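final07.cif, holding mmCIF, C-alpha atoms and all ligand atoms:
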```
data_input
#
loop_
_atom_site.label_atom_id
_atom_site.label_comp_id
_atom_site.auth_asym_id
_atom_site.auth_seq_id
_atom_site.Cartn_x
_atom_site.Cartn_y
_atom_site.Cartn_z
CA MET C 28 4.74 -48.63 31.03
CA GLY C 29 3.52 -46.09 33.59
CA SER C 30 4.59 -42.50 34.16
CA ASN C 31 4.10 -41.09 30.71
CA SER C 32 2.31 -37.98 31.97
CA ILE C 33 3.58 -34.87 33.74
CA GLY C 34 1.80 -31.93 35.40
CA LYS C 35 -1.21 -31.70 37.70
CA ASP C 36 -3.47 -29.08 36.07
CA PHE C 37 -1.77 -28.89 32.67
CA VAL C 38 -1.27 -32.61 32.17
CA VAL C 39 0.92 -33.65 29.26
CA THR C 40 0.97 -37.29 28.18
CA CYS C 41 3.68 -38.23 25.72
CA PHE C 42 3.27 -41.15 23.28
CA GLY C 43 5.14 -42.82 20.42
CA GLU C 44 8.53 -44.40 19.70
CA SER C 45 11.53 -43.33 17.63
CA HIS C 46 10.80 -45.80 14.81
CA GLY C 47 7.07 -46.30 15.41
CA ARG C 48 4.39 -44.54 13.38
CA CYS C 49 4.42 -41.24 15.21
CA VAL C 50 5.44 -39.23 18.25
CA GLY C 51 2.93 -37.01 19.99
CA ALA C 52 1.41 -35.44 23.07
CA VAL C 53 -2.04 -35.15 24.61
CA ILE C 54 -2.58 -32.06 26.74
CA ASP C 55 -5.42 -32.24 29.23
CA GLY C 56 -6.21 -29.07 31.16
CA CYS C 57 -5.46 -26.35 28.63
CA PRO C 58 -7.90 -23.49 29.28
CA ALA C 59 -10.61 -22.85 26.68
CA GLY C 60 -10.37 -19.69 24.60
CA LEU C 61 -6.65 -19.71 23.75
CA PRO C 62 -6.05 -18.78 20.10
CA LEU C 63 -4.15 -21.78 18.73
CA ALA C 64 -3.20 -22.72 15.17
CA VAL C 65 -1.04 -25.56 13.92
CA GLU C 66 1.50 -22.91 12.78
CA ASP C 67 2.05 -21.87 16.42
CA ILE C 68 3.25 -25.39 17.16
CA GLN C 69 5.11 -25.89 13.85
CA LYS C 70 7.14 -22.73 14.53
CA GLU C 71 8.54 -24.28 17.74
CA VAL C 72 9.11 -27.75 16.22
CA ASP C 73 11.10 -26.17 13.37
CA LYS C 74 13.55 -24.79 15.96
CA ARG C 75 14.87 -28.35 16.35
CA LEU C 76 16.33 -28.28 12.84
CA PRO C 77 19.65 -26.42 12.68
CA GLN C 78 20.62 -24.72 9.42
CA LYS C 79 23.83 -26.72 9.04
CA GLU C 80 22.92 -30.35 8.48
CA GLU C 81 26.35 -31.75 9.38
CA ILE C 82 25.89 -30.54 12.96
CA VAL C 83 23.04 -32.95 13.69
CA SER C 84 21.91 -36.49 12.84
CA ALA C 85 21.45 -37.36 9.17
CA ARG C 86 17.87 -38.39 9.97
CA ARG C 87 15.76 -35.79 8.14
CA GLU C 88 12.21 -35.80 9.37
CA GLU C 89 9.80 -33.35 7.81
CA ASP C 90 8.00 -33.11 11.18
CA ALA C 91 4.77 -31.64 9.83
CA VAL C 92 2.66 -31.07 12.94
CA GLU C 93 -0.90 -32.45 13.01
CA LEU C 94 -3.28 -30.85 15.48
CA LEU C 95 -5.95 -33.53 15.86
CA SER C 96 -8.28 -32.31 18.59
CA GLY C 97 -9.05 -29.70 21.21
CA THR C 98 -9.52 -26.64 19.00
CA TYR C 99 -12.52 -25.17 17.20
CA GLU C 100 -12.64 -22.06 15.03
CA GLY C 101 -9.05 -21.22 15.97
CA PHE C 102 -9.47 -21.42 19.76
CA THR C 103 -8.86 -24.16 22.31
CA THR C 104 -12.10 -25.66 23.58
CA GLY C 105 -10.92 -26.98 26.96
CA ALA C 106 -11.01 -30.55 25.60
CA PRO C 107 -7.83 -32.66 25.33
CA ILE C 108 -5.45 -31.39 22.65
CA CYS C 109 -3.82 -34.18 20.64
CA ILE C 110 -0.75 -33.18 18.60
CA LEU C 111 1.59 -35.42 16.64
CA VAL C 112 4.30 -35.73 14.00
CA ARG C 113 4.70 -38.87 11.88
CA ASN C 114 7.98 -40.79 11.67
CA LYS C 115 8.81 -41.16 8.00
CA GLU C 116 12.61 -41.31 7.77
CA VAL C 117 12.96 -44.60 9.63
CA ILE C 118 15.86 -46.99 8.92
CA SER C 119 15.79 -49.77 11.50
CA ASP C 120 18.42 -52.18 10.05
CA ASP C 121 21.25 -50.49 11.99
CA TYR C 122 19.46 -51.48 15.20
CA ASP C 123 19.01 -55.15 14.26
CA ALA C 124 22.81 -55.41 14.16
CA ILE C 125 23.19 -54.11 17.74
CA ARG C 126 20.06 -55.67 19.22
CA HIS C 127 21.99 -57.96 21.57
CA THR C 128 25.07 -55.75 22.08
CA PRO C 129 23.89 -52.77 24.16
CA ARG C 130 25.35 -49.37 23.34
CA PRO C 131 27.45 -48.03 26.23
CA GLY C 132 25.84 -44.83 27.56
CA HIS C 133 22.40 -45.52 26.06
CA ALA C 134 19.37 -47.08 27.76
CA ASP C 135 19.57 -50.37 25.79
CA TYR C 136 20.78 -52.63 28.63
CA PRO C 137 18.63 -51.46 31.57
CA ALA C 138 15.57 -51.21 29.26
CA ARG C 139 16.05 -54.80 28.08
CA ILE C 140 16.29 -56.00 31.70
CA LYS C 141 13.23 -53.99 32.85
CA TYR C 142 10.94 -54.93 29.94
CA LEU C 143 12.36 -58.44 29.43
CA GLY C 144 13.25 -57.58 25.83
CA PHE C 145 9.68 -56.57 24.84
CA ASN C 146 10.71 -52.90 24.50
CA ASP C 147 10.99 -51.49 20.97
CA ASN C 148 14.77 -51.03 20.67
CA ARG C 149 14.71 -49.48 17.19
CA GLY C 150 16.27 -46.04 17.40
CA GLY C 151 16.18 -46.30 21.19
CA GLY C 152 12.36 -46.68 21.14
CA ARG C 153 10.85 -44.76 24.06
CA PHE C 154 14.34 -43.74 25.18
CA SER C 155 15.11 -41.78 22.03
CA GLY C 156 15.72 -38.04 21.91
CA ARG C 157 13.06 -38.05 19.20
CA LEU C 158 10.43 -38.23 21.97
CA THR C 159 11.35 -34.67 22.90
CA VAL C 160 9.48 -33.42 19.80
CA ALA C 161 6.41 -34.10 21.95
CA PHE C 162 7.82 -31.90 24.73
CA VAL C 163 8.37 -29.11 22.19
CA MET C 164 4.85 -29.43 20.75
CA ALA C 165 3.20 -29.29 24.19
CA GLY C 166 5.60 -26.54 25.18
CA ALA C 167 4.42 -24.45 22.21
CA VAL C 168 0.91 -24.41 23.71
CA ALA C 169 2.34 -23.60 27.15
CA LYS C 170 4.35 -20.73 25.70
CA LYS C 171 1.19 -19.22 24.19
CA LEU C 172 -0.43 -19.28 27.65
CA LEU C 173 2.67 -17.74 29.21
CA GLU C 174 2.59 -14.95 26.61
CA LEU C 175 -0.80 -13.94 28.04
CA ALA C 176 0.81 -13.70 31.47
CA GLY C 177 3.68 -11.62 29.99
CA ILE C 178 6.21 -14.37 30.70
CA GLU C 179 8.96 -15.13 28.20
CA VAL C 180 11.13 -18.25 28.29
CA LEU C 181 14.41 -18.23 26.34
CA ALA C 182 17.11 -20.91 26.20
CA TYR C 183 20.50 -20.96 24.49
CA ALA C 184 23.75 -22.92 24.46
CA THR C 185 26.47 -21.54 26.75
CA GLU C 186 29.02 -24.34 26.38
CA ILE C 187 29.76 -27.09 23.83
CA GLY C 188 32.76 -29.44 23.81
CA GLY C 189 34.60 -27.23 26.33
CA VAL C 190 34.02 -24.01 24.31
CA LYS C 191 32.25 -21.50 26.58
CA ILE C 192 30.38 -18.24 26.19
CA LEU C 193 32.40 -15.68 28.17
CA SER C 194 29.75 -13.18 29.30
CA THR C 195 26.00 -13.34 29.89
CA PRO C 196 24.27 -12.44 26.60
CA SER C 197 21.68 -9.66 26.52
CA ILE C 198 18.05 -10.69 26.12
CA GLU C 199 18.04 -8.82 22.76
CA ASP C 200 21.00 -10.89 21.49
CA VAL C 201 19.40 -14.10 22.72
CA LYS C 202 16.17 -13.29 20.87
CA LYS C 203 17.87 -12.19 17.67
CA LYS C 204 20.90 -14.45 17.37
CA THR C 205 20.24 -17.79 19.09
CA TYR C 206 18.36 -19.38 16.21
CA GLU C 207 20.58 -17.74 13.59
CA SER C 208 23.31 -20.05 14.87
CA SER C 209 23.41 -23.77 14.07
CA VAL C 210 24.50 -24.54 17.61
CA ARG C 211 21.91 -22.21 19.21
CA CYS C 212 24.50 -19.91 20.80
CA PRO C 213 23.77 -16.15 20.70
CA ASP C 214 27.48 -15.20 20.45
CA PRO C 215 28.39 -15.71 16.73
CA LYS C 216 32.16 -15.99 17.35
CA VAL C 217 31.79 -18.56 20.12
CA ALA C 218 29.14 -20.36 18.03
CA LEU C 219 31.69 -20.95 15.24
CA GLU C 220 34.18 -22.44 17.71
CA MET C 221 31.43 -24.66 19.09
CA GLU C 222 30.62 -25.86 15.57
CA GLU C 223 34.28 -26.69 15.03
CA ALA C 224 34.36 -28.68 18.29
CA ILE C 225 31.35 -30.71 17.15
CA LEU C 226 32.72 -31.36 13.67
CA LYS C 227 36.12 -32.37 15.07
CA ALA C 228 34.52 -34.89 17.46
CA LYS C 229 32.36 -36.18 14.62
CA SER C 230 35.36 -36.66 12.32
CA GLU C 231 36.95 -38.77 15.08
CA GLY C 232 33.83 -40.93 15.37
CA ASP C 233 33.10 -39.30 18.72
CA SER C 234 30.67 -36.83 20.31
CA VAL C 235 30.63 -33.83 22.70
CA GLY C 236 28.29 -32.47 25.39
CA GLY C 237 27.57 -29.02 26.73
CA ILE C 238 25.38 -26.69 28.78
CA VAL C 239 22.03 -25.06 28.01
CA GLU C 240 20.95 -22.00 29.99
CA CYS C 241 17.32 -20.93 30.21
CA VAL C 242 15.90 -17.65 31.52
CA ALA C 243 12.22 -17.01 32.25
CA SER C 244 11.46 -13.31 32.71
CA ASN C 245 8.45 -11.60 34.30
CA VAL C 246 7.56 -14.53 36.56
CA LEU C 247 5.83 -12.81 39.48
CA ALA C 248 6.94 -13.60 43.05
CA GLY C 249 5.26 -16.43 44.94
CA VAL C 250 4.72 -19.05 42.21
CA GLY C 251 5.34 -22.63 43.36
CA GLU C 252 3.72 -25.29 45.57
CA PRO C 253 6.02 -26.09 48.50
CA ILE C 254 6.91 -28.44 49.96
CA PHE C 255 6.99 -31.33 47.55
CA ASP C 256 5.86 -29.53 44.38
CA SER C 257 8.14 -26.55 44.88
CA LEU C 258 8.99 -24.68 41.68
CA ASP C 259 12.64 -25.76 41.68
CA ALA C 260 11.74 -29.41 42.37
CA GLU C 261 9.17 -29.47 39.55
CA LEU C 262 11.57 -27.83 37.11
CA ALA C 263 14.38 -30.21 38.03
CA LYS C 264 12.08 -33.23 37.61
CA MET C 265 10.91 -32.12 34.18
CA LEU C 266 14.44 -31.26 33.03
CA PHE C 267 15.86 -34.58 34.25
CA ASP C 268 13.17 -36.26 32.14
CA VAL C 269 14.92 -34.87 29.05
CA PRO C 270 17.22 -37.68 27.86
CA ALA C 271 20.95 -36.95 28.25
CA VAL C 272 20.45 -34.26 30.93
CA LYS C 273 22.90 -35.04 33.74
CA GLY C 274 22.79 -31.91 35.87
CA VAL C 275 20.42 -29.06 36.73
CA GLU C 276 21.39 -25.91 38.64
CA PHE C 277 19.61 -22.67 39.48
CA GLY C 278 21.35 -19.28 39.74
CA VAL C 279 24.94 -19.76 40.87
CA GLY C 280 24.06 -23.42 41.56
CA PHE C 281 26.89 -25.57 42.93
CA GLU C 282 29.08 -22.46 43.19
CA ALA C 283 26.92 -21.36 46.18
CA ALA C 284 28.61 -24.09 48.22
CA ARG C 285 31.87 -22.12 47.95
CA LEU C 286 30.46 -18.67 48.87
CA LYS C 287 29.89 -17.01 52.25
CA GLY C 288 26.33 -16.01 53.21
CA SER C 289 27.25 -12.35 52.72
CA GLN C 290 28.38 -13.14 49.15
CA ASN C 291 25.58 -15.51 48.23
CA ASN C 292 22.57 -13.58 49.62
CA ASP C 293 20.81 -11.29 47.16
CA PRO C 294 20.16 -7.97 49.04
CA TYR C 295 16.72 -6.37 48.53
CA VAL C 296 16.30 -2.88 47.06
CA MET C 297 13.40 -0.72 45.84
CA ARG C 298 13.44 0.07 42.09
CA ASP C 299 10.65 2.21 40.62
CA GLY C 300 8.43 1.28 43.54
CA GLU C 301 9.06 -2.48 43.09
CA VAL C 302 10.97 -4.88 45.34
CA GLU C 303 14.00 -6.30 43.57
CA THR C 304 17.35 -7.82 44.52
CA VAL C 305 20.74 -6.32 43.67
CA THR C 306 22.12 -9.68 42.51
CA ASN C 307 20.31 -12.86 41.42
CA ASN C 308 22.51 -15.63 42.78
CA ALA C 309 19.36 -17.53 43.73
CA GLY C 310 18.28 -17.67 40.07
CA GLY C 311 14.83 -16.28 40.89
CA LEU C 312 13.94 -19.02 43.41
CA LEU C 313 13.67 -18.90 47.20
CA GLY C 314 11.94 -21.50 49.36
CA GLY C 315 10.63 -23.30 46.30
CA LEU C 316 8.80 -20.12 45.19
CA SER C 317 9.66 -17.65 42.46
CA SER C 318 11.26 -14.52 43.91
CA GLY C 319 10.15 -12.10 41.19
CA MET C 320 13.66 -11.94 39.72
CA PRO C 321 14.40 -13.71 36.41
CA LEU C 322 14.35 -17.47 36.76
CA VAL C 323 17.75 -18.82 35.66
CA VAL C 324 18.36 -22.54 35.18
CA ARG C 325 21.23 -24.41 33.53
CA VAL C 326 21.30 -28.02 32.40
CA ALA C 327 24.35 -30.17 31.68
CA VAL C 328 23.92 -32.34 28.59
CA LYS C 329 26.17 -35.36 28.21
CA PRO C 330 27.95 -36.28 24.95
CA THR C 331 25.80 -38.38 22.60
CA PRO C 332 26.21 -42.02 23.63
CA SER C 333 25.92 -43.52 20.10
CA ILE C 334 29.32 -43.01 18.51
CA ALA C 335 31.05 -44.57 15.53
CA LYS C 336 34.20 -45.35 17.54
CA GLU C 337 34.50 -48.99 18.56
CA GLN C 338 33.63 -49.58 22.22
CA LYS C 339 33.56 -52.52 24.61
CA THR C 340 30.19 -54.11 25.31
CA VAL C 341 28.72 -57.57 25.92
CA ASP C 342 26.79 -59.95 23.67
CA LEU C 343 23.66 -60.72 25.67
CA MET C 344 22.78 -63.83 23.63
CA GLU C 345 26.21 -65.40 24.00
CA MET C 346 26.83 -63.82 27.42
CA LYS C 347 30.38 -62.93 26.49
CA GLU C 348 32.37 -59.75 25.96
CA ALA C 349 32.14 -58.10 22.55
CA THR C 350 32.65 -54.76 20.79
CA VAL C 351 30.17 -52.40 19.20
CA HIS C 352 30.38 -49.41 16.90
CA VAL C 353 27.15 -47.62 16.12
CA ASN C 354 26.24 -47.15 12.47
CA GLY C 355 22.95 -45.30 12.84
CA ARG C 356 22.37 -41.60 12.21
CA HIS C 357 23.19 -39.73 15.39
CA ASP C 358 23.71 -36.20 16.64
CA ALA C 359 27.42 -35.63 17.31
CA CYS C 360 26.18 -33.15 19.92
CA ILE C 361 22.72 -33.10 21.50
CA VAL C 362 22.91 -29.50 22.76
CA PRO C 363 21.58 -27.68 19.63
CA LYS C 364 18.42 -29.80 19.60
CA ALA C 365 18.14 -29.69 23.40
CA VAL C 366 17.84 -25.87 23.44
CA PRO C 367 14.17 -25.70 22.30
CA VAL C 368 13.46 -28.79 24.43
CA VAL C 369 14.71 -27.05 27.60
CA GLU C 370 12.70 -23.94 26.70
CA ALA C 371 9.55 -26.06 26.26
CA SER C 372 10.16 -28.01 29.48
CA VAL C 373 10.46 -24.84 31.58
CA ALA C 374 7.32 -23.40 29.93
CA LEU C 375 5.32 -26.57 30.72
CA VAL C 376 6.20 -26.44 34.42
CA LEU C 377 5.48 -22.72 34.71
CA VAL C 378 2.04 -23.06 33.10
CA ASP C 379 1.12 -25.99 35.35
CA GLN C 380 2.14 -24.02 38.45
CA LEU C 381 0.32 -20.85 37.31
CA LEU C 382 -2.86 -22.85 36.64
CA ARG C 383 -2.60 -24.56 40.03
CA ALA C 384 -2.28 -21.17 41.71
CA GLY C 385 -5.31 -19.84 39.80
CA LEU C 386 -3.09 -17.25 38.11
CA ILE C 387 -4.27 -18.38 34.66
CA PRO C 388 -8.07 -18.75 34.44
CA LYS C 389 -9.60 -22.03 33.23
CA VAL C 390 -11.54 -20.15 30.52
CA LEU C 391 -9.98 -17.24 28.65
CA GLY C 392 -11.57 -14.44 26.63
CA VAL C 393 -15.28 -15.33 26.97
CA GLU C 394 -16.18 -12.73 24.32
CA ALA C 395 -14.29 -14.79 21.74
CA VAL C 396 -16.82 -17.61 21.90
CA GLY C 397 -20.03 -15.60 22.17
CA GLU C 398 -22.55 -14.87 24.91
CA TYR C 399 -23.06 -17.79 27.27
CA SER C 400 -26.51 -16.42 28.20
CA ASP C 401 -27.76 -17.15 24.67
CA VAL C 402 -27.11 -20.85 25.08
CA THR C 403 -30.23 -22.77 26.10
CA GLU C 404 -30.66 -26.37 27.26
CA GLU C 405 -31.73 -27.41 23.73
CA ASP C 406 -28.53 -25.97 22.20
C1 LIG C 501 17.16 -33.87 21.46
C2 LIG C 501 17.91 -35.12 21.79
C3 LIG C 501 18.56 -35.83 20.78
C4 LIG C 501 19.25 -36.99 21.07
N1 LIG C 501 19.88 -37.64 20.04
C5 LIG C 501 20.58 -38.78 20.31
C6 LIG C 501 21.25 -39.49 19.26
O1 LIG C 501 21.22 -39.09 18.09
N2 LIG C 501 21.93 -40.61 19.59
C7 LIG C 501 22.01 -41.08 20.88
O2 LIG C 501 22.64 -42.09 21.12
N3 LIG C 501 21.40 -40.42 21.89
C8 LIG C 501 20.68 -39.30 21.64
N4 LIG C 501 20.06 -38.64 22.67
C9 LIG C 501 20.29 -39.08 24.07
C10 LIG C 501 19.68 -40.41 24.45
O3 LIG C 501 18.30 -40.42 24.18
C11 LIG C 501 19.95 -40.68 25.94
O4 LIG C 501 21.31 -40.48 26.23
C12 LIG C 501 19.58 -42.10 26.32
O5 LIG C 501 18.17 -42.25 26.28
C13 LIG C 501 20.05 -42.50 27.73
O6 LIG C 501 19.45 -41.68 28.69
P1 LIG C 501 20.31 -40.76 29.68
O7 LIG C 501 21.43 -40.19 28.87
O8 LIG C 501 19.36 -39.72 30.16
O9 LIG C 501 20.83 -41.63 30.79
C14 LIG C 501 19.34 -37.48 22.41
C15 LIG C 501 18.68 -36.75 23.42
C16 LIG C 501 17.98 -35.58 23.13
C17 LIG C 501 17.32 -34.80 24.23
#
```

Please go through the file and, once you have read it, give me the structure as structure tokens.
Ligand SMILES: Cc1cc2nc3c(=O)[nH]c(=O)nc-3n(C[C@H](O)[C@H](O)[C@H](O)COP(=O)(O)O)c2cc1C
Amino acid sequence: MGSNSIGKDFVVTCFGESHGRCVGAVIDGCPAGLPLAVEDIQKEVDKRLPQKEEIVSARREEDAVELLSGTYEGFTTGAPICILVRNKEVISDDYDAIRHTPRPGHADYPARIKYLGFNDNRGGGRFSGRLTVAFVMAGAVAKKLLELAGIEVLAYATEIGGVKILSTPSIEDVKKKTYESSVRCPDPKVALEMEEAILKAKSEGDSVGGIVECVASNVLAGVGEPIFDSLDAELAKMLFDVPAVKGVEFGVGFEAARLKGSQNNDPYVMRDGEVETVTNNAGGLLGGLSSGMPLVVRVAVKPTPSIAKEQKTVDLMEMKEATVHVNGRHDACIVPKAVPVVEASVALVLVDQLLRAGLIPKVLGVEAVGEYSDVTEED
């Protein structure tokens, strides 16, 4: 199976399966000298676990992060960083029952055709949302590098099951309230309605989708590698690699198609000696490069495909029509768990692009590891 790595200078390779022994990531290209502890990664992984258990799948993984290589005395060494979590709460029987009756909306059928049935189907195998723990772990390292560059990446839910946030939340509210809410929405009133929408769908044996918005602030102008590795193209690729993501838009996105040039253009102004734009319809991206304005991206997340409701399918052994209802433990809405995944995905792309542009050095804080001049051949 090819294509398990992403990035050119900050290369992340993702390994593991939903019901295999572990899920993890290897990062090759992280600069030496970054302070990194397992707690930095654990903090991000813990964001995947909402406070209210009924909102997400009944699968309860402890997800204790193991940092296996690439650090020494609390700093990255420049060597590959291997990070993983073990799968402990695995119940595969539910998947034996549906092995030959593919779940509508999941990857079961095309995966079986592509890999001639050799793919691990338990829990969706490589196609499980569980793989995104690896994105979050690698993203935690990326976020630490971005912190050095003064860049902050924040994601939150803006819509779930048709319930929408009505106004753009302030950065302060996003920071303070997003993770206080089980659905990862910074508006507490809307968050409660979103929860209700999820629980209602769940009680009907169904699921709901929604939208995650992500803002990266303090990205300086000119980041991106046009033409084919433009910043928007790289972000869209990474975000479409998140399972269940069905749409990606920047700034006003598809709405731009309905505006006139005079409405859509973001006029330039000078503010405190800096070039800025009055509006940010472009979402901080022009010509595949960052514009210096906040980068704003939204992703559409589809409703969870595995639902308890009976659905039509086919029996691939008998080659006849059949029905399936999924017994496993599933998220009635993917959005709450997708929020930290989107945040991590955006961080990974930004770090890769900053490294490629030489805007993050390959070795950080030389003083932290001692005087190079003292090191002799014999050492
Ligand atoms: C964080 C996360 C959690 C997910 N949880 C589930 C789940 O519990 N049940 C399910 O059927 N799909 C879940 N998915 C979605 C499937 O993995 C995805 O729909 C499937 O692989 C098909 O891919 P596609 O939707 O991108 O076409 C999850 C996705 C993410 C990102």

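Reported to one decimal place, the separation of CA of Arg48 (chain C) from CA of Ser96 (chain C) is 18.4 Å.
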
Could you pull out the residues sitting within 10 Å of ligand LIG 501 (chain C), using only C-alpha atoms and all ligand atoms, and write them as a VMD selection string? chain C and resid 45 75 83 to 86 130 to 135 137 to 138 150 to 160 162 234 266 to 273 328 to 334 353 355 to 369

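Residues surrounding Ile110 (chain C) within 7 Å are Gly51, Ala52, Val53, Val92, Glu93, Leu94 and Leu95 of chain C [all atoms listed in the file; sequence separation below 4 positions excluded].
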
Listed atoms of region 141-154 of chain C boxed axis-aligned with 6 Å per side, centre + edges as JSON:
```
{"center_x": 13.0, "center_y": -51.1, "center_z": 25.0, "size_x": 18.6, "size_y": 26.7, "size_z": 27.7}
```

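When all atoms listed in the file are used to compute distances to Ser209 (chain C), the closest of the residues C:Pro321, C:Glu223, C:Lys389, C:Phe145 turns out to be C:Glu223.
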
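Closest approach to Val163 (chain C) from the set C:Ile68, C:Val296, C:Ile118, C:Leu143 is made by C:Ile68, with distances taken over only C-alpha atoms.
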
Please, which residues in region 35-140 of chain C fall within 12 Å of region 175-189 of chain C when counting only C-alpha atoms, and what is the closest atom pair and distance in Å to one decimal for each, ordered by chain then residue number, as CSV?
```
residue,atom,partner,partner_atom,distance
C:Pro58,CA,C:Leu175,CA,12.0
C:Gly60,CA,C:Leu175,CA,11.7
C:Leu61,CA,C:Leu175,CA,9.3
C:Pro62,CA,C:Leu175,CA,10.7
C:Lys74,CA,C:Ala182,CA,11.5
```

Filtering to C-alpha atoms, could you give me those residues as a short mmCIF file (atom, residue, chain, number, x, y, z; two decimals), keeping the file's coordinate frame?
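Output (again_21.cif):
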```cif
data_model
loop_
_atom_site.label_atom_id
_atom_site.label_comp_id
_atom_site.auth_asym_id
_atom_site.auth_seq_id
_atom_site.Cartn_x
_atom_site.Cartn_y
_atom_site.Cartn_z
CA PRO C 58 -7.90 -23.49 29.28
CA GLY C 60 -10.37 -19.69 24.60
CA LEU C 61 -6.65 -19.71 23.75
CA PRO C 62 -6.05 -18.78 20.10
CA LYS C 74 13.55 -24.79 15.96
#
```

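Residue nearest Val201 (chain C), chosen from C:Cys241, C:Cys41, C:Leu258, C:Leu226 and counting all atoms listed in the file: C:Cys241.
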
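In this structure, CA of Gly105 (chain C) sits 23.6 Å away from CA of Met265 (chain C).
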
Coordinates-based distance that separates CA of Asp123 (chain C) from CA of Asn148 (chain C) (Å, one decimal): 8.7 Å

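Of the residues listed (C:Val390, C:Ala384, C:Met344, C:Val324), C:Ala384 shows the shortest atom-to-atom separation from Val250 (chain C); distances use all atoms listed in the file.
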
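The nearest approach to Gly314 (chain C) among the residues C:Gly249, C:Val72, C:Tyr206, C:Tyr122, with all atoms listed in the file taken into account, belongs to C:Gly249.
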
List the neighbours of Glu303 (chain C) out to 8 Å using all atoms listed in the file; skip same-chain residues closer than 4 positions along the sequence, and give me the result as a list in words. Tyr295, Val296, Met297, Arg298, Gly319 and Met320 of chain C

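Between Ile82 (chain C) and the residues C:Leu219, C:Val341, C:Val373, C:Leu63, the shortest atom-to-atom distance, using all atoms listed in the file, involves C:Leu219.
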